[in-house]
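Quick notes on the structure that follows.
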Amino acid sequence: METIETLLTRRSIRKYKNQKIEKDKIDIILKSAMYAPSAMNMQAWHYVVVDDKNVLNETIKSIPHAELLIQTPAAILVCGDASIEKNESWMIQNCSAAIQNILLAAHGLGLGTCWIAIHGMEEVVKNVSAQFKLPENVIPISLITLGYPDESVTAEDRFRKEKIHYNKW
Ligand SMILES: Cc1cc2nc3c(=O)[nH]c(=O)nc-3n(C[C@H](O)[C@H](O)[C@H](O)COP(=O)(O)O)c2cc1C
């Protein structure tokens with residue numbers, strides 16, 4: 001898929017086919033994440049691939065707003081490494097860039113994704129850290145669901161001229 005078409009047609013997908021995702025596709029998606037820009041090129045991130053049904057089901061207890069995991073074949077937990085990137089805002093920005101690469105790479109490969117927020121909800125961060133036994137310096141930012149779409153969500157026109165400002169407000 002051409003780059004601009006990929007980013008203009010990506011939508012969140014919340015229903016997935018019961019179909020395994022090929023390992024080489026997961027690898028391309030993870031590689032894409034790692035090619036994201038990061039502050040001072042520190043690449044202070046980690047990725048936990050979750051493809052075990054029991055672990056996915058367990059994750060619903062940790063992230064109560066992630067009920068779609070019940071029918072999701074895989075997910076990627078994106079974490080920041082606070083021992084490498086000490087500026088929390090930069091850590092989140094780094095991980096967000098990586099997440100967007102995940103969403104776009106997956107879409108380009110015919111896979112659907114949904115970005116599930118973790119960071120910013122203290123209790124959820126605590127739950128996820130405990131469930132995945134994350135080291136203290138590893139901070140869960142978001143969980144990205146991954147699967148072959150079982151719904152069709154069309155692109156919408158979001159271009160708003162009034163949101164653009166040149167040189168001053
Ligand atoms: C930081 C962030 C957190 C999000 N958290 C959730 C979430 O918890 N559950 C969910 O279903 N979608 C979540 N989303 C997806 C948004 O709802 C979705 O991106 C938005 O409605 C726009 O739709 P689109 O992704 O189809 O373009 C999140 C998106 C972002 C960027």
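Ordering of the structure tokens sets the chain letters (A, B, ...), residue numbers begin anew at 1 in every chain, and ligands are numbered from 1 in the order given.
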
| query | Could you pull out the strand (DSSP E or B) residues of range 6-128 of chain A from DSSP and send them as a PyMOL selection string? | reply | chain A and resi 12+16+45-50+74-81+112-117

| task | Write as a PyMOL selection string the residues around ligand 1, taking 10 Å as the cut-off and counting only C-alpha atoms and all ligand atoms. | result | chain A and resi 7-14+63-68+96+99-100+103+113-120+141-145+153-156+158

| task | Pull the helix (DSSP H, G or I) assignments for range 7-137 of chain A out of DSSP run on the backbone, and list those residues as a PyMOL selection string. | result | chain A and resi 7-9+23-34+39-41+53-62+67-71+88-108+122-131

| query | For Tyr148 in chain A, which residue out of A:His46, A:Lys168, A:Lys86, A:His107 is the nearest one, using only C-alpha atoms? | reply |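 Using only C-alpha atoms, Tyr148 in chain A sits closest to A:His107.
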
Find the residues of range 53-151 of chain A that sit at most 10 Å from range 17-32 of chain A; for each, write down the nearest two atoms and how far apart they are in Å, to one decimal. Count only C-alpha atoms. Sort by chain, then by number going up, and give it as a tab-separated table.
residue	atom	partner	partner_atom	distance
A:Gln71	CA	A:Asn18	CA	7.4
A:Thr72	CA	A:Asn18	CA	7.8
A:Pro73	CA	A:Lys20	CA	6.4
A:Ala74	CA	A:Ile21	CA	7.7
A:Ala75	CA	A:Ile26	CA	9.8
A:Ile76	CA	A:Leu30	CA	8.8
A:Ala98	CA	A:Ser32	CA	7.6
A:Ile99	CA	A:Ser32	CA	9.3
A:Gln100	CA	A:Ser32	CA	9.5
A:Asn101	CA	A:Ser32	CA	5.8
A:Ile102	CA	A:Ile29	CA	5.5
A:Leu103	CA	A:Ile29	CA	8.4
A:Leu104	CA	A:Ile29	CA	8.7
A:Ala105	CA	A:Ile29	CA	5.6
A:Ala106	CA	A:Ile29	CA	6.2
A:His107	CA	A:Ile29	CA	9.8
A:Gly108	CA	A:Ile29	CA	9.7
A:Leu109	CA	A:Lys25	CA	7.3
A:Gly110	CA	A:Lys25	CA	9.8
A:Leu111	CA	A:Ile21	CA	8.6
A:Leu146	CA	A:Ile21	CA	8.3
A:Gly147	CA	A:Ile21	CA	6.7
A:Tyr148	CA	A:Lys17	CA	5.5
A:Pro149	CA	A:Lys17	CA	6.1
A:Asp150	CA	A:Lys17	CA	5.2
A:Glu151	CA	A:Lys17	CA	8.9

Those selected residues, please, written with N, CA and C atoms and delivered as a PDB file, in the first residue's frame.
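Listing of part36.pdb after writing:
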ATOM      1  N   GLN A  71     -11.589 -11.502  21.940  1.00  0.00           N
ATOM      2  CA  GLN A  71     -11.570 -12.092  20.582  1.00  0.00           C
ATOM      3  C   GLN A  71     -10.426 -11.517  19.744  1.00  0.00           C
ATOM      4  N   THR A  72      -9.323 -11.187  20.427  1.00  0.00           N
ATOM      5  CA  THR A  72      -8.149 -10.636  19.736  1.00  0.00           C
ATOM      6  C   THR A  72      -7.046 -11.693  19.692  1.00  0.00           C
ATOM      7  N   PRO A  73      -6.525 -12.012  18.516  1.00  0.00           N
ATOM      8  CA  PRO A  73      -5.509 -13.075  18.450  1.00  0.00           C
ATOM      9  C   PRO A  73      -4.146 -12.698  19.020  1.00  0.00           C
ATOM     10  N   ALA A  74      -3.820 -11.410  19.019  1.00  0.00           N
ATOM     11  CA  ALA A  74      -2.500 -11.010  19.533  1.00  0.00           C
ATOM     12  C   ALA A  74      -2.522  -9.540  19.917  1.00  0.00           C
ATOM     13  N   ALA A  75      -1.524  -9.143  20.673  1.00  0.00           N
ATOM     14  CA  ALA A  75      -1.397  -7.740  21.064  1.00  0.00           C
ATOM     15  C   ALA A  75       0.076  -7.455  21.348  1.00  0.00           C
ATOM     16  N   ILE A  76       0.414  -6.186  21.262  1.00  0.00           N
ATOM     17  CA  ILE A  76       1.785  -5.781  21.595  1.00  0.00           C
ATOM     18  C   ILE A  76       1.698  -4.755  22.719  1.00  0.00           C
ATOM     19  N   ALA A  98       6.491   5.111  18.096  1.00  0.00           N
ATOM     20  CA  ALA A  98       6.631   3.672  17.816  1.00  0.00           C
ATOM     21  C   ALA A  98       5.251   3.041  17.607  1.00  0.00           C
ATOM     22  N   ILE A  99       4.294   3.456  18.426  1.00  0.00           N
ATOM     23  CA  ILE A  99       2.937   2.900  18.311  1.00  0.00           C
ATOM     24  C   ILE A  99       2.329   3.253  16.957  1.00  0.00           C
ATOM     25  N   GLN A 100       2.491   4.505  16.547  1.00  0.00           N
ATOM     26  CA  GLN A 100       1.930   4.892  15.244  1.00  0.00           C
ATOM     27  C   GLN A 100       2.559   4.057  14.123  1.00  0.00           C
ATOM     28  N   ASN A 101       3.858   3.786  14.236  1.00  0.00           N
ATOM     29  CA  ASN A 101       4.494   2.911  13.235  1.00  0.00           C
ATOM     30  C   ASN A 101       3.872   1.516  13.261  1.00  0.00           C
ATOM     31  N   ILE A 102       3.560   1.023  14.463  1.00  0.00           N
ATOM     32  CA  ILE A 102       2.915  -0.295  14.585  1.00  0.00           C
ATOM     33  C   ILE A 102       1.565  -0.280  13.863  1.00  0.00           C
ATOM     34  N   LEU A 103       0.768   0.761  14.133  1.00  0.00           N
ATOM     35  CA  LEU A 103      -0.570   0.848  13.530  1.00  0.00           C
ATOM     36  C   LEU A 103      -0.479   0.871  12.006  1.00  0.00           C
ATOM     37  N   LEU A 104       0.460   1.665  11.497  1.00  0.00           N
ATOM     38  CA  LEU A 104       0.545   1.833  10.046  1.00  0.00           C
ATOM     39  C   LEU A 104       1.157   0.605   9.369  1.00  0.00           C
ATOM     40  N   ALA A 105       2.175   0.026  10.008  1.00  0.00           N
ATOM     41  CA  ALA A 105       2.791  -1.183   9.429  1.00  0.00           C
ATOM     42  C   ALA A 105       1.752  -2.297   9.381  1.00  0.00           C
ATOM     43  N   ALA A 106       1.005  -2.456  10.470  1.00  0.00           N
ATOM     44  CA  ALA A 106      -0.013  -3.507  10.530  1.00  0.00           C
ATOM     45  C   ALA A 106      -1.062  -3.291   9.437  1.00  0.00           C
ATOM     46  N   HIS A 107      -1.525  -2.062   9.315  1.00  0.00           N
ATOM     47  CA  HIS A 107      -2.543  -1.747   8.294  1.00  0.00           C
ATOM     48  C   HIS A 107      -1.998  -2.046   6.897  1.00  0.00           C
ATOM     49  N   GLY A 108      -0.764  -1.679   6.662  1.00  0.00           N
ATOM     50  CA  GLY A 108      -0.142  -1.953   5.368  1.00  0.00           C
ATOM     51  C   GLY A 108      -0.044  -3.440   5.072  1.00  0.00           C
ATOM     52  N   LEU A 109      -0.012  -4.240   6.135  1.00  0.00           N
ATOM     53  CA  LEU A 109       0.077  -5.703   5.971  1.00  0.00           C
ATOM     54  C   LEU A 109      -1.299  -6.373   5.998  1.00  0.00           C
ATOM     55  N   GLY A 110      -2.348  -5.538   6.026  1.00  0.00           N
ATOM     56  CA  GLY A 110      -3.709  -6.096   6.007  1.00  0.00           C
ATOM     57  C   GLY A 110      -4.241  -6.471   7.380  1.00  0.00           C
ATOM     58  N   LEU A 111      -3.561  -6.006   8.419  1.00  0.00           N
ATOM     59  CA  LEU A 111      -3.992  -6.314   9.797  1.00  0.00           C
ATOM     60  C   LEU A 111      -4.666  -5.101  10.425  1.00  0.00           C
ATOM     61  N   LEU A 146      -4.066  -6.650  17.769  1.00  0.00           N
ATOM     62  CA  LEU A 146      -3.585  -6.994  16.427  1.00  0.00           C
ATOM     63  C   LEU A 146      -4.356  -8.200  15.906  1.00  0.00           C
ATOM     64  N   GLY A 147      -4.900  -8.096  14.712  1.00  0.00           N
ATOM     65  CA  GLY A 147      -5.580  -9.253  14.133  1.00  0.00           C
ATOM     66  C   GLY A 147      -6.133  -8.947  12.753  1.00  0.00           C
ATOM     67  N   TYR A 148      -6.529 -10.010  12.057  1.00  0.00           N
ATOM     68  CA  TYR A 148      -7.164  -9.801  10.753  1.00  0.00           C
ATOM     69  C   TYR A 148      -8.565  -9.252  10.996  1.00  0.00           C
ATOM     70  N   PRO A 149      -8.907  -8.120  10.353  1.00  0.00           N
ATOM     71  CA  PRO A 149     -10.183  -7.452  10.621  1.00  0.00           C
ATOM     72  C   PRO A 149     -11.392  -8.323  10.309  1.00  0.00           C
ATOM     73  N   ASP A 150     -12.369  -8.271  11.214  1.00  0.00           N
ATOM     74  CA  ASP A 150     -13.649  -8.929  10.979  1.00  0.00           C
ATOM     75  C   ASP A 150     -14.749  -7.866  10.971  1.00  0.00           C
ATOM     76  N   GLU A 151     -14.356  -6.662  10.647  1.00  0.00           N
ATOM     77  CA  GLU A 151     -15.300  -5.561  10.454  1.00  0.00           C
ATOM     78  C   GLU A 151     -14.647  -4.604   9.479  1.00  0.00           C
TER      79      GLU A 151
END

| field | Selected residue, from A:Val138, A:Cys79, A:Met40, A:Ile70, that lies nearest to Glu58 in chain A when counting only C-alpha atoms | value | A:Ile70

| message | So, with only C-alpha atoms as the atoms that count, which of A:Leu134, A:Met121, A:Ala33, A:Ala44 lies closest to Ser83 in chain A? | response | A:Ala44

| remark: Counting only C-alpha atoms, the residue among A:Tyr47, A:Glu5, A:Ser38, A:Gly80 that lies closest to Glu136 in chain A is A:Gly80

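In this comparison, which uses only C-alpha atoms, the residue of A:Ala36, A:Val124, A:Leu69, A:Ala97 approaching Lys53 in chain A most closely is A:Leu69.
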
| query | How many Å separate CA of Asn137 in chain A from CA of Glu122 in chain A? | reply |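 For CA of Asn137 in chain A relative to CA of Glu122 in chain A, the distance reads 15.2 Å.
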